[in-house]
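Undergrad: Starting off with a structure, shown below.
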Amino acid sequence: MFRRILKSVREFRRPAYVTFLCMVFEAAIECVIPFITADLINHIRTGAEMSLVVRTGLQLTLMAMVSLFCGWMGGRACAKASAGFARNLRDDLFSRIQGFTFDSVDRFSSASLVTRLTTDVGYAQMAFMMVIRTAIRSPLMLIFSVVMAYIMGGALAWTFVVIIPLLTGGLLLVARFAMPAFHRVFKKYDKLNESVEENVRGMRVVKGFAREEYEKEKFGRASQDIASDFTKAERIVALNNPIMQLCMHFNMVFVLLVGSRLIVGSRAELLDVGHMSSMLTYGMSVLMSLMMLSVIYVILTISMESFRRIDEILTEEPTLVNPADPVYEVADGSVEFRGVSFKYSSDAQRFALSDITLSIPSGATVGIIGGTGSSKSTLVQLIPRLYDATEGQVLLGGRDVREYDLDTLRQSVSMVLQKNMLFSGTIRENLLWGRPDATDEELREACRLAQADEFISSFPEGYDTYIEQGGTNVSGGQKQRLCIARALLRRPKVLILDDSTSAVDTRTDARIREGFRQFIPETTKIIIAQRIASVSDADLIIVMDGGRVSATGTHESLLAGSLIYREVYEQQIGGKEDGGNEQ
């Protein structure tokens with residue numbers, strides 16, 4: 001797991017190595033300074049000349065400046081390495097998500113993905129920073145300080161035999177009891193982000209039903225839940241300071257008491273004043289090093305959950321991959337289903353589609369009618385391989401869709417989904433998603449076919465009108481027509497409209513279909529609709545029921561032979577059809 005994640009360091013390996021070297025030099029110098037200081041104190045006590053004091057003072061000043069420079073260089077390199085690592089890791093995660101298939105997306109909620117790209121990457125960055133800087137410096141300071149303390153203090157250094165195990169054991173116990181609370185927090189972050197996302201997306205519904213107070217209470221509960229877990233964890237972690245203070249005061253009392261007796265009893269032969277003062281300094285260094293190691297341990301333990309969640313994204317393997325020898329050209333827009341059955345997961349109890357056999361000639365206009373839950377959308381999603389058929393074959397241009405290069409296949413099939421998505425940016429930028437190299441005339445032609453040019457031209461900025469996130473500043477019908485124009489720009493072999501004219505009036509709907517017949521006659525057009533009027537002039541109409549094809553034929557033949565189709569027709573002709581006005 002760590003090897004996979006640390007691949008994101010890449011070009012920032014050098015500043016990470018620079019950080020390591022700077023920390024080594026800084027720790028070594030800081031441990032030598034008390035030794036020189038102790039030696040100076042002993043010389044002063046025995047009557048040293050002023051020249052020695054000046055030389056030693058200059059030496060200590062130079063060492064302090066070098067230590068300061070190493071610390072500054074290490075901090076700078078560490079910041080560059082950790083921030084670069086986080087940037088690369090975020091990019092790697094986002095790139096990985098772009099390769100997810102629909103079944104992968106189904107397993108991760110959007111709120112969870114956002115948390116992993118933000119909060120979890122933040123913890124990973126903090127852990128990386130601690131490892132390359134503090135986790136290098138603190139152990140070195142600990143080792144150097146203990147060694148120097150034994151060299152200078154002799155038996156007095158046995159104080160570390162007591163305080164090191166005491167402090168280490170106490171800090172490990174604190175971390176052990178605090179970690180479960182930290183682990184719970186990450187899953188609750190997903191829930192909190194999901195609450196925010198749902199509220200923002202459904203703001204109009206929330207206000208329409210006057211549910212602002214309910215949403216505030218729901219968010220408050222989720223936020224309080226996280227606060228409670230963090231409070232519990234921080235209460236436990238707060239014990240670090242008393243334990244640290246206990247060990248620090250024990251060390252001071254032991255060194256002062258035992259050291260003073262040794263100095264007085266041996267007349268400074270076994271231990272000198274300078275050595276005793278350095279022992280206090282080294283003792284503090286040891287304790288501070290242990291304290292920092294405990295902080296590192298806590299952060300790394302917290303970050304382990306983030307690393308695991310990040311690794312889940314990095315190791316997610318898409319189920320839809322290119323074949324070994326892919327086909328890079330689609331002959332035509334003919335579509336065929338041969339005994340196709342499909343279910344969303346291998347452990348699903350029932351098939352969403354069962355035994356579908358259909359043949360659609362290139363250039364035909366096909367309508368699909370069916371009740372809610374009849375798997376109309378699922379059927380067409382198999383054509384561009386958004387999912388793969390569980391059983392049977394789906395053919396496009398006479399070849400199994402699994403034989404094509406994925407990009408080639410999806411460039412040949414344009415889909416306008418039920419949930420029309422526009423991105424923040426101008427109308428022109430949104431349309432160019434269909435084909436980035438399209439000219440202005442091609443943009444206008446696609447918009448004329450989609451009956452969008454007229455309302456775009458009515459805007460003061462025309463095609464440079466800014467679209468807010470999600471297209472909230474245009475109507476539902478305008479959004480649908482922009483999405484249709486974007487799909488038409490590709491000049492696809494197959495155009496799929498998944499209930500994507502539901503928000504336009506019947507007259508505009510008829511004009512869009514008339515434009516299709518005149519200007520893209522060679523493109524196979526598959527129209528999923530709830531309105532009979534949207535498919536009545538299709539070459540072939542497919543009636544879906546319970547994941548199966550109930551009937552196929554023209555409008556006239558289905559009126560005579562399909563009970564489902566006739567009932568829908570009679571209900572709508574009787575005045576129950578919704579579609580008179582654009583919303």
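Numbering starts fresh at 1 for the residues of each chain in the structure tokens, the chains themselves are lettered A, B, ... in the order given, and ligands are numbered from 1 as they appear.
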Tell me which protein, DNA and RNA residues are within 10 Å of Ile484 (chain A), counting only C-alpha atoms, leaving out same-chain ones fewer than 2 positions away, and put them as a ChimeraX atom specification.

TA: /A:414-417,420,431,434,446-447,449-452,478-482,486-489,495-497,500-501,512

Undergrad: Go ahead and write the residues just picked, N, CA and C atoms, as a PDB file, in the first residue's frame.

TA:
ATOM      1  N   SER A 414     -23.208   8.858 -29.203  1.00  0.00           N
ATOM      2  CA  SER A 414     -23.489  10.029 -28.366  1.00  0.00           C
ATOM      3  C   SER A 414     -24.751   9.767 -27.554  1.00  0.00           C
ATOM      4  N   MET A 415     -24.669  10.058 -26.261  1.00  0.00           N
ATOM      5  CA  MET A 415     -25.805   9.856 -25.378  1.00  0.00           C
ATOM      6  C   MET A 415     -26.199  11.164 -24.706  1.00  0.00           C
ATOM      7  N   VAL A 416     -27.488  11.413 -24.686  1.00  0.00           N
ATOM      8  CA  VAL A 416     -28.034  12.502 -23.875  1.00  0.00           C
ATOM      9  C   VAL A 416     -28.847  11.830 -22.784  1.00  0.00           C
ATOM     10  N   LEU A 417     -28.312  11.854 -21.567  1.00  0.00           N
ATOM     11  CA  LEU A 417     -28.890  11.074 -20.476  1.00  0.00           C
ATOM     12  C   LEU A 417     -30.099  11.767 -19.853  1.00  0.00           C
ATOM     13  N   ASN A 420     -29.510  15.649 -17.375  1.00  0.00           N
ATOM     14  CA  ASN A 420     -28.690  16.492 -18.238  1.00  0.00           C
ATOM     15  C   ASN A 420     -27.696  17.273 -17.390  1.00  0.00           C
ATOM     16  N   LEU A 431     -20.669  23.325 -25.267  1.00  0.00           N
ATOM     17  CA  LEU A 431     -20.925  22.658 -26.545  1.00  0.00           C
ATOM     18  C   LEU A 431     -19.674  21.986 -27.089  1.00  0.00           C
ATOM     19  N   GLY A 434     -18.594  18.288 -26.999  1.00  0.00           N
ATOM     20  CA  GLY A 434     -18.946  17.324 -28.040  1.00  0.00           C
ATOM     21  C   GLY A 434     -17.825  17.123 -29.037  1.00  0.00           C
ATOM     22  N   ALA A 446     -25.504  22.655 -35.129  1.00  0.00           N
ATOM     23  CA  ALA A 446     -25.954  21.684 -34.127  1.00  0.00           C
ATOM     24  C   ALA A 446     -27.049  22.289 -33.261  1.00  0.00           C
ATOM     25  N   CYS A 447     -26.905  23.559 -32.922  1.00  0.00           N
ATOM     26  CA  CYS A 447     -27.918  24.213 -32.083  1.00  0.00           C
ATOM     27  C   CYS A 447     -29.215  24.432 -32.847  1.00  0.00           C
ATOM     28  N   LEU A 449     -30.326  22.393 -35.165  1.00  0.00           N
ATOM     29  CA  LEU A 449     -30.956  21.068 -35.174  1.00  0.00           C
ATOM     30  C   LEU A 449     -31.635  20.777 -33.843  1.00  0.00           C
ATOM     31  N   ALA A 450     -31.009  21.220 -32.753  1.00  0.00           N
ATOM     32  CA  ALA A 450     -31.551  20.967 -31.416  1.00  0.00           C
ATOM     33  C   ALA A 450     -32.547  22.040 -30.981  1.00  0.00           C
ATOM     34  N   GLN A 451     -32.874  22.954 -31.892  1.00  0.00           N
ATOM     35  CA  GLN A 451     -33.817  24.045 -31.589  1.00  0.00           C
ATOM     36  C   GLN A 451     -33.321  24.901 -30.423  1.00  0.00           C
ATOM     37  N   ALA A 452     -31.993  25.104 -30.387  1.00  0.00           N
ATOM     38  CA  ALA A 452     -31.400  25.885 -29.293  1.00  0.00           C
ATOM     39  C   ALA A 452     -30.866  27.219 -29.754  1.00  0.00           C
ATOM     40  N   GLN A 478     -34.256  24.320 -22.008  1.00  0.00           N
ATOM     41  CA  GLN A 478     -33.050  24.882 -22.617  1.00  0.00           C
ATOM     42  C   GLN A 478     -31.837  24.011 -22.331  1.00  0.00           C
ATOM     43  N   LYS A 479     -31.764  23.510 -21.111  1.00  0.00           N
ATOM     44  CA  LYS A 479     -30.653  22.630 -20.745  1.00  0.00           C
ATOM     45  C   LYS A 479     -30.662  21.368 -21.620  1.00  0.00           C
ATOM     46  N   GLN A 480     -31.855  20.780 -21.808  1.00  0.00           N
ATOM     47  CA  GLN A 480     -31.954  19.571 -22.619  1.00  0.00           C
ATOM     48  C   GLN A 480     -31.524  19.840 -24.054  1.00  0.00           C
ATOM     49  N   ARG A 481     -31.928  20.967 -24.624  1.00  0.00           N
ATOM     50  CA  ARG A 481     -31.578  21.252 -26.005  1.00  0.00           C
ATOM     51  C   ARG A 481     -30.083  21.520 -26.167  1.00  0.00           C
ATOM     52  N   LEU A 482     -29.467  22.144 -25.178  1.00  0.00           N
ATOM     53  CA  LEU A 482     -28.012  22.344 -25.221  1.00  0.00           C
ATOM     54  C   LEU A 482     -27.274  21.007 -25.175  1.00  0.00           C
ATOM     55  N   ARG A 486     -24.845  19.432 -28.038  1.00  0.00           N
ATOM     56  CA  ARG A 486     -23.501  18.953 -27.708  1.00  0.00           C
ATOM     57  C   ARG A 486     -23.273  17.539 -28.247  1.00  0.00           C
ATOM     58  N   ALA A 487     -24.288  16.689 -28.129  1.00  0.00           N
ATOM     59  CA  ALA A 487     -24.170  15.321 -28.632  1.00  0.00           C
ATOM     60  C   ALA A 487     -24.116  15.288 -30.159  1.00  0.00           C
ATOM     61  N   LEU A 488     -24.872  16.177 -30.820  1.00  0.00           N
ATOM     62  CA  LEU A 488     -24.905  16.184 -32.284  1.00  0.00           C
ATOM     63  C   LEU A 488     -23.580  16.627 -32.892  1.00  0.00           C
ATOM     64  N   LEU A 489     -22.813  17.438 -32.153  1.00  0.00           N
ATOM     65  CA  LEU A 489     -21.537  17.930 -32.679  1.00  0.00           C
ATOM     66  C   LEU A 489     -20.575  16.803 -33.031  1.00  0.00           C
ATOM     67  N   LEU A 495     -27.056   7.955 -32.083  1.00  0.00           N
ATOM     68  CA  LEU A 495     -27.463   9.022 -31.166  1.00  0.00           C
ATOM     69  C   LEU A 495     -28.561   8.478 -30.262  1.00  0.00           C
ATOM     70  N   ILE A 496     -28.326   8.538 -28.952  1.00  0.00           N
ATOM     71  CA  ILE A 496     -29.278   8.013 -27.976  1.00  0.00           C
ATOM     72  C   ILE A 496     -29.819   9.174 -27.147  1.00  0.00           C
ATOM     73  N   LEU A 497     -31.131   9.334 -27.168  1.00  0.00           N
ATOM     74  CA  LEU A 497     -31.794  10.357 -26.356  1.00  0.00           C
ATOM     75  C   LEU A 497     -32.593   9.644 -25.276  1.00  0.00           C
ATOM     76  N   SER A 500     -34.779  12.720 -23.079  1.00  0.00           N
ATOM     77  CA  SER A 500     -34.100  14.010 -23.006  1.00  0.00           C
ATOM     78  C   SER A 500     -34.863  15.137 -23.676  1.00  0.00           C
ATOM     79  N   THR A 501     -36.116  14.914 -24.030  1.00  0.00           N
ATOM     80  CA  THR A 501     -36.963  16.010 -24.524  1.00  0.00           C
ATOM     81  C   THR A 501     -38.216  16.154 -23.662  1.00  0.00           C
ATOM     82  N   ILE A 512     -37.330  19.016 -33.421  1.00  0.00           N
ATOM     83  CA  ILE A 512     -36.037  18.352 -33.194  1.00  0.00           C
ATOM     84  C   ILE A 512     -35.980  17.045 -33.985  1.00  0.00           C
TER      85      ILE A 512
END

Undergrad: Taking 6 positions as the minimum chain separation for residues in the same chain, which residues sit within 8 Å of Ser303 (chain A) when counting only C-alpha atoms? Answer as an mmCIF file with C-alpha atoms, in the first residue's frame.

TA:
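Output contents, as saved in part34.cif:
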data_model
loop_
_atom_site.group_PDB
_atom_site.id
_atom_site.type_symbol
_atom_site.label_atom_id
_atom_site.label_comp_id
_atom_site.auth_asym_id
_atom_site.auth_seq_id
_atom_site.Cartn_x
_atom_site.Cartn_y
_atom_site.Cartn_z
ATOM 1 C CA ASP A 120 -7.707 12.010 3.310
ATOM 2 C CA TYR A 123 -3.825 13.628 6.315
ATOM 3 C CA ALA A 124 -1.541 11.736 3.916
ATOM 4 C CA ALA A 127 1.969 12.123 7.603
#

Undergrad: Would you mind listing what lies within 8 Å of Gly553 (chain A) as number ranges by chain, with only C-alpha atoms counted and same-chain residues fewer than 6 positions away left out?

TA: A: 540-542

Undergrad: Which one is closest to Ser374 (chain A): A:Met276, A:Leu21, A:Ala352, A:Val205? Count only C-alpha atoms.

TA: A:Ala352

Undergrad: Suppose you want the space between CA of Asp332 (chain A) and CA of Asp539 (chain A); what is it in Å?

TA: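 So the two atoms, CA of Asp332 (chain A) and CA of Asp539 (chain A), lie 17.4 Å apart.
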
Undergrad: Between CA of Met1 (chain A) and CA of Ala79 (chain A), what is the spacing in Å?

TA: 23.2 Å

Undergrad: Near region 402-411 of chain A, counting only C-alpha atoms, which residues have an atom at most 8 Å away, once you skip same-chain residues fewer than 6 positions from it, shown as a list in words?

TA: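 Here the qualifying residues turn out to be Val321, Asn322, Pro323, Asp325, Pro326, Val327, Tyr328, Glu329, Val330, Pro384, Arg385, Arg490 and Pro492 of chain A.
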
Undergrad: Would you mind listing what lies within 12 Å of Lys80 (chain A) as JSON, numbers by chain, with only C-alpha atoms counted and same-chain residues fewer than 2 positions away left out?

TA: {"A": [9, 11, 12, 13, 14, 15, 16, 17, 18, 19, 73, 74, 75, 76, 77, 78, 82, 83, 84, 85, 86, 87, 125, 128, 129, 132]}

Undergrad: May I have the residues from that selection written out with N, CA and C atoms, as a PDB file, in the first residue's frame?

TA:
ATOM      1  N   VAL A   9       5.259  10.559  -5.142  1.00  0.00           N
ATOM      2  CA  VAL A   9       6.327  11.515  -4.813  1.00  0.00           C
ATOM      3  C   VAL A   9       7.027  11.973  -6.090  1.00  0.00           C
ATOM      4  N   GLU A  11       8.763  13.483  -8.949  1.00  0.00           N
ATOM      5  CA  GLU A  11       9.785  14.510  -9.151  1.00  0.00           C
ATOM      6  C   GLU A  11      10.173  15.225  -7.856  1.00  0.00           C
ATOM      7  N   PHE A  12       9.495  14.889  -6.751  1.00  0.00           N
ATOM      8  CA  PHE A  12       9.793  15.556  -5.480  1.00  0.00           C
ATOM      9  C   PHE A  12      10.655  14.675  -4.562  1.00  0.00           C
ATOM     10  N   ARG A  13      11.298  13.670  -5.155  1.00  0.00           N
ATOM     11  CA  ARG A  13      12.209  12.844  -4.353  1.00  0.00           C
ATOM     12  C   ARG A  13      13.414  13.654  -3.871  1.00  0.00           C
ATOM     13  N   ARG A  14      13.942  14.500  -4.745  1.00  0.00           N
ATOM     14  CA  ARG A  14      15.145  15.265  -4.378  1.00  0.00           C
ATOM     15  C   ARG A  14      14.915  16.151  -3.158  1.00  0.00           C
ATOM     16  N   PRO A  15      13.846  16.989  -3.125  1.00  0.00           N
ATOM     17  CA  PRO A  15      13.632  17.769  -1.885  1.00  0.00           C
ATOM     18  C   PRO A  15      13.380  16.896  -0.664  1.00  0.00           C
ATOM     19  N   ALA A  16      12.840  15.684  -0.855  1.00  0.00           N
ATOM     20  CA  ALA A  16      12.658  14.785   0.284  1.00  0.00           C
ATOM     21  C   ALA A  16      14.017  14.323   0.821  1.00  0.00           C
ATOM     22  N   TYR A  17      14.952  14.017  -0.101  1.00  0.00           N
ATOM     23  CA  TYR A  17      16.301  13.617   0.325  1.00  0.00           C
ATOM     24  C   TYR A  17      17.039  14.791   0.975  1.00  0.00           C
ATOM     25  N   VAL A  18      16.851  16.001   0.417  1.00  0.00           N
ATOM     26  CA  VAL A  18      17.479  17.192   1.006  1.00  0.00           C
ATOM     27  C   VAL A  18      16.979  17.395   2.434  1.00  0.00           C
ATOM     28  N   THR A  19      15.682  17.184   2.641  1.00  0.00           N
ATOM     29  CA  THR A  19      15.115  17.298   3.991  1.00  0.00           C
ATOM     30  C   THR A  19      15.792  16.327   4.941  1.00  0.00           C
ATOM     31  N   MET A  73      16.520  25.201   5.629  1.00  0.00           N
ATOM     32  CA  MET A  73      16.574  24.479   4.357  1.00  0.00           C
ATOM     33  C   MET A  73      15.712  23.215   4.411  1.00  0.00           C
ATOM     34  N   GLY A  74      15.775  22.531   5.565  1.00  0.00           N
ATOM     35  CA  GLY A  74      14.969  21.319   5.718  1.00  0.00           C
ATOM     36  C   GLY A  74      13.484  21.623   5.695  1.00  0.00           C
ATOM     37  N   GLY A  75      13.080  22.715   6.375  1.00  0.00           N
ATOM     38  CA  GLY A  75      11.665  23.091   6.377  1.00  0.00           C
ATOM     39  C   GLY A  75      11.179  23.474   4.989  1.00  0.00           C
ATOM     40  N   ARG A  76      12.024  24.201   4.261  1.00  0.00           N
ATOM     41  CA  ARG A  76      11.653  24.624   2.908  1.00  0.00           C
ATOM     42  C   ARG A  76      11.531  23.413   1.972  1.00  0.00           C
ATOM     43  N   ALA A  77      12.535  22.534   2.025  1.00  0.00           N
ATOM     44  CA  ALA A  77      12.503  21.351   1.162  1.00  0.00           C
ATOM     45  C   ALA A  77      11.342  20.438   1.534  1.00  0.00           C
ATOM     46  N   CYS A  78      11.073  20.335   2.845  1.00  0.00           N
ATOM     47  CA  CYS A  78       9.972  19.489   3.315  1.00  0.00           C
ATOM     48  C   CYS A  78       8.632  20.018   2.812  1.00  0.00           C
ATOM     49  N   SER A  82       6.302  17.762   0.467  1.00  0.00           N
ATOM     50  CA  SER A  82       4.991  17.307   0.951  1.00  0.00           C
ATOM     51  C   SER A  82       3.856  17.889   0.129  1.00  0.00           C
ATOM     52  N   ALA A  83       3.951  19.197  -0.222  1.00  0.00           N
ATOM     53  CA  ALA A  83       2.906  19.804  -1.045  1.00  0.00           C
ATOM     54  C   ALA A  83       2.890  19.193  -2.437  1.00  0.00           C
ATOM     55  N   GLY A  84       4.068  18.919  -2.990  1.00  0.00           N
ATOM     56  CA  GLY A  84       4.134  18.276  -4.308  1.00  0.00           C
ATOM     57  C   GLY A  84       3.595  16.858  -4.281  1.00  0.00           C
ATOM     58  N   PHE A  85       3.911  16.145  -3.222  1.00  0.00           N
ATOM     59  CA  PHE A  85       3.378  14.781  -3.065  1.00  0.00           C
ATOM     60  C   PHE A  85       1.855  14.803  -3.011  1.00  0.00           C
ATOM     61  N   ALA A  86       1.298  15.750  -2.239  1.00  0.00           N
ATOM     62  CA  ALA A  86      -0.166  15.844  -2.131  1.00  0.00           C
ATOM     63  C   ALA A  86      -0.788  16.198  -3.478  1.00  0.00           C
ATOM     64  N   ARG A  87      -0.154  17.114  -4.213  1.00  0.00           N
ATOM     65  CA  ARG A  87      -0.681  17.480  -5.527  1.00  0.00           C
ATOM     66  C   ARG A  87      -0.688  16.277  -6.474  1.00  0.00           C
ATOM     67  N   GLN A 125      -0.674  13.947   3.363  1.00  0.00           N
ATOM     68  CA  GLN A 125       0.369  14.959   3.224  1.00  0.00           C
ATOM     69  C   GLN A 125       1.018  15.251   4.578  1.00  0.00           C
ATOM     70  N   PHE A 128       3.251  12.349   5.542  1.00  0.00           N
ATOM     71  CA  PHE A 128       4.484  12.352   4.749  1.00  0.00           C
ATOM     72  C   PHE A 128       5.445  13.420   5.252  1.00  0.00           C
ATOM     73  N   MET A 129       4.912  14.596   5.553  1.00  0.00           N
ATOM     74  CA  MET A 129       5.734  15.690   6.061  1.00  0.00           C
ATOM     75  C   MET A 129       6.380  15.314   7.390  1.00  0.00           C
ATOM     76  N   ILE A 132       9.316  12.601   6.748  1.00  0.00           N
ATOM     77  CA  ILE A 132      10.589  13.022   6.152  1.00  0.00           C
ATOM     78  C   ILE A 132      11.291  14.104   6.966  1.00  0.00           C
TER      79      ILE A 132
END

Undergrad: With only C-alpha atoms as the counted atoms, please give the residues lying no more than 10 Å from region 347-351 of chain A, apart from itself and same-chain residues fewer than 6 positions off, as a PyMOL selection string.

TA: chain A and resi 341+390+546-548

Undergrad: Would you return as number ranges by chain the members of region 437-547 of chain A that DSSP assigns to helix (DSSP H, G or I) on this structure's backbone?

TA: A: 440-449, 453-458, 462-464, 469-471, 476-488, 506-519, 532-534

Undergrad: Give me a file of those residues, with C-alpha atoms, as a PDB file, in the first residue's frame.

TA:
ATOM      1  CA  ASP A 440     -18.608  28.433 -34.904  1.00  0.00           C
ATOM      2  CA  GLU A 441     -20.742  27.489 -37.912  1.00  0.00           C
ATOM      3  CA  GLU A 442     -20.804  23.844 -36.807  1.00  0.00           C
ATOM      4  CA  LEU A 443     -21.849  24.965 -33.325  1.00  0.00           C
ATOM      5  CA  ARG A 444     -24.730  26.966 -34.749  1.00  0.00           C
ATOM      6  CA  GLU A 445     -25.794  24.143 -37.054  1.00  0.00           C
ATOM      7  CA  ALA A 446     -25.954  21.684 -34.127  1.00  0.00           C
ATOM      8  CA  CYS A 447     -27.918  24.213 -32.083  1.00  0.00           C
ATOM      9  CA  ARG A 448     -30.343  24.829 -34.954  1.00  0.00           C
ATOM     10  CA  LEU A 449     -30.956  21.068 -35.174  1.00  0.00           C
ATOM     11  CA  ASP A 453     -29.985  28.600 -31.569  1.00  0.00           C
ATOM     12  CA  GLU A 454     -32.994  30.881 -31.158  1.00  0.00           C
ATOM     13  CA  PHE A 455     -32.923  31.141 -27.372  1.00  0.00           C
ATOM     14  CA  ILE A 456     -29.097  31.326 -27.316  1.00  0.00           C
ATOM     15  CA  SER A 457     -29.207  34.286 -29.698  1.00  0.00           C
ATOM     16  CA  SER A 458     -31.703  36.006 -27.402  1.00  0.00           C
ATOM     17  CA  GLY A 462     -25.064  34.814 -27.101  1.00  0.00           C
ATOM     18  CA  TYR A 463     -22.806  31.750 -27.212  1.00  0.00           C
ATOM     19  CA  ASP A 464     -20.520  33.382 -24.642  1.00  0.00           C
ATOM     20  CA  GLN A 469     -22.712  25.064 -12.168  1.00  0.00           C
ATOM     21  CA  GLY A 470     -25.298  22.468 -13.141  1.00  0.00           C
ATOM     22  CA  GLY A 471     -26.979  24.876 -15.574  1.00  0.00           C
ATOM     23  CA  GLY A 476     -34.948  22.541 -18.019  1.00  0.00           C
ATOM     24  CA  GLY A 477     -35.946  22.592 -21.676  1.00  0.00           C
ATOM     25  CA  GLN A 478     -33.050  24.882 -22.617  1.00  0.00           C
ATOM     26  CA  LYS A 479     -30.653  22.630 -20.745  1.00  0.00           C
ATOM     27  CA  GLN A 480     -31.954  19.571 -22.619  1.00  0.00           C
ATOM     28  CA  ARG A 481     -31.578  21.252 -26.005  1.00  0.00           C
ATOM     29  CA  LEU A 482     -28.012  22.344 -25.221  1.00  0.00           C
ATOM     30  CA  CYS A 483     -27.152  18.770 -24.272  1.00  0.00           C
ATOM     31  CA  ILE A 484     -28.682  17.475 -27.526  1.00  0.00           C
ATOM     32  CA  ALA A 485     -26.659  20.025 -29.527  1.00  0.00           C
ATOM     33  CA  ARG A 486     -23.501  18.953 -27.708  1.00  0.00           C
ATOM     34  CA  ALA A 487     -24.170  15.321 -28.632  1.00  0.00           C
ATOM     35  CA  LEU A 488     -24.905  16.184 -32.284  1.00  0.00           C
ATOM     36  CA  THR A 506     -44.480  18.893 -28.164  1.00  0.00           C
ATOM     37  CA  ARG A 507     -44.002  21.350 -31.028  1.00  0.00           C
ATOM     38  CA  THR A 508     -40.290  21.818 -30.271  1.00  0.00           C
ATOM     39  CA  ASP A 509     -39.969  18.054 -29.779  1.00  0.00           C
ATOM     40  CA  ALA A 510     -41.416  17.480 -33.253  1.00  0.00           C
ATOM     41  CA  ARG A 511     -39.055  20.050 -34.792  1.00  0.00           C
ATOM     42  CA  ILE A 512     -36.037  18.352 -33.194  1.00  0.00           C
ATOM     43  CA  ARG A 513     -37.061  14.978 -34.625  1.00  0.00           C
ATOM     44  CA  GLU A 514     -37.725  16.541 -38.043  1.00  0.00           C
ATOM     45  CA  GLY A 515     -34.217  18.023 -37.977  1.00  0.00           C
ATOM     46  CA  PHE A 516     -32.771  14.595 -37.219  1.00  0.00           C
ATOM     47  CA  ARG A 517     -34.529  13.068 -40.233  1.00  0.00           C
ATOM     48  CA  GLN A 518     -33.330  15.759 -42.616  1.00  0.00           C
ATOM     49  CA  PHE A 519     -29.778  16.439 -41.500  1.00  0.00           C
ATOM     50  CA  ILE A 532     -46.209   8.450 -27.490  1.00  0.00           C
ATOM     51  CA  ALA A 533     -45.971  11.573 -29.677  1.00  0.00           C
ATOM     52  CA  SER A 534     -42.168  11.500 -29.348  1.00  0.00           C
TER      53      SER A 534
END

Undergrad: One decimal, Å: what's the distance from CA of Val105 (chain A) over to CA of Ile310 (chain A), could you say?

TA: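 That distance, rounded to one decimal, is 14.9 Å.
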
Undergrad: Using only C-alpha atoms, determine which residues lie at most 12 Å from Ser345 (chain A), disregarding the query and same-chain residues fewer than 6 positions distant; provide the list as a ChimeraX atom specification.

TA: /A:102-104,106-107,319,351-352,387-390

Undergrad: So that I have them on file, write out the residues from the current selection with N, CA and C atoms, as a CSV table (one decimal), in the first residue's frame.

TA:
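The result, written out as result_34.csv:
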chain,number,residue,atom,x,y,z
A,102,PHE,N,-19.1,2.4,-14.6
A,102,PHE,CA,-20.3,2.8,-13.8
A,102,PHE,C,-20.4,1.9,-12.6
A,103,ASP,N,-20.0,0.6,-12.7
A,103,ASP,CA,-20.1,-0.2,-11.5
A,103,ASP,C,-19.1,0.2,-10.4
A,104,SER,N,-18.0,0.8,-10.8
A,104,SER,CA,-17.0,1.3,-9.8
A,104,SER,C,-17.6,2.5,-9.1
A,106,ASP,N,-20.7,3.2,-8.8
A,106,ASP,CA,-21.8,2.7,-7.9
A,106,ASP,C,-21.3,2.3,-6.5
A,107,ARG,N,-20.1,1.9,-6.4
A,107,ARG,CA,-19.6,1.4,-5.1
A,107,ARG,C,-19.1,2.5,-4.2
A,319,THR,N,-13.7,-2.8,-14.6
A,319,THR,CA,-14.1,-4.1,-15.2
A,319,THR,C,-14.2,-4.0,-16.7
A,351,PHE,N,-32.1,-10.5,-12.9
A,351,PHE,CA,-31.5,-9.8,-14.0
A,351,PHE,C,-32.3,-8.5,-14.3
A,352,ALA,N,-31.6,-7.4,-14.6
A,352,ALA,CA,-32.3,-6.2,-15.0
A,352,ALA,C,-32.8,-6.3,-16.4
A,387,TYR,N,-21.8,-0.4,-19.3
A,387,TYR,CA,-21.8,-1.7,-18.7
A,387,TYR,C,-21.6,-2.7,-19.8
A,388,ASP,N,-21.2,-3.9,-19.4
A,388,ASP,CA,-21.1,-5.1,-20.3
A,388,ASP,C,-22.2,-6.0,-20.0
A,389,ALA,N,-22.7,-6.6,-21.1
A,389,ALA,CA,-23.8,-7.6,-21.0
A,389,ALA,C,-23.3,-8.8,-20.1
A,390,THR,N,-24.1,-9.3,-19.2
A,390,THR,CA,-23.7,-10.4,-18.4
A,390,THR,C,-23.8,-11.7,-19.3

Undergrad: Quick one: of A:Ala81, A:Val335, A:Cys247, A:Leu60, who's nearest to Leu290 (chain A), counting only C-alpha atoms?

TA: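 Once distances to Leu290 (chain A) are computed over only C-alpha atoms, the minimum belongs to A:Cys247.
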
Undergrad: DSSP on the backbone: which residues in region 372-491 of chain A end up as strand (DSSP E)? Give the answer as a PyMOL selection string.

TA: chain A and resi 391-396+399-400+413-416+425-426+466-467

Undergrad: Kindly indicate which residue among A:Arg90, A:Arg491, A:Lys419, A:Lys525 lies nearest to Ser362 (chain A), using only C-alpha atoms for the distances.

TA: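 Of all the options, A:Lys525 lies closest to Ser362 (chain A).
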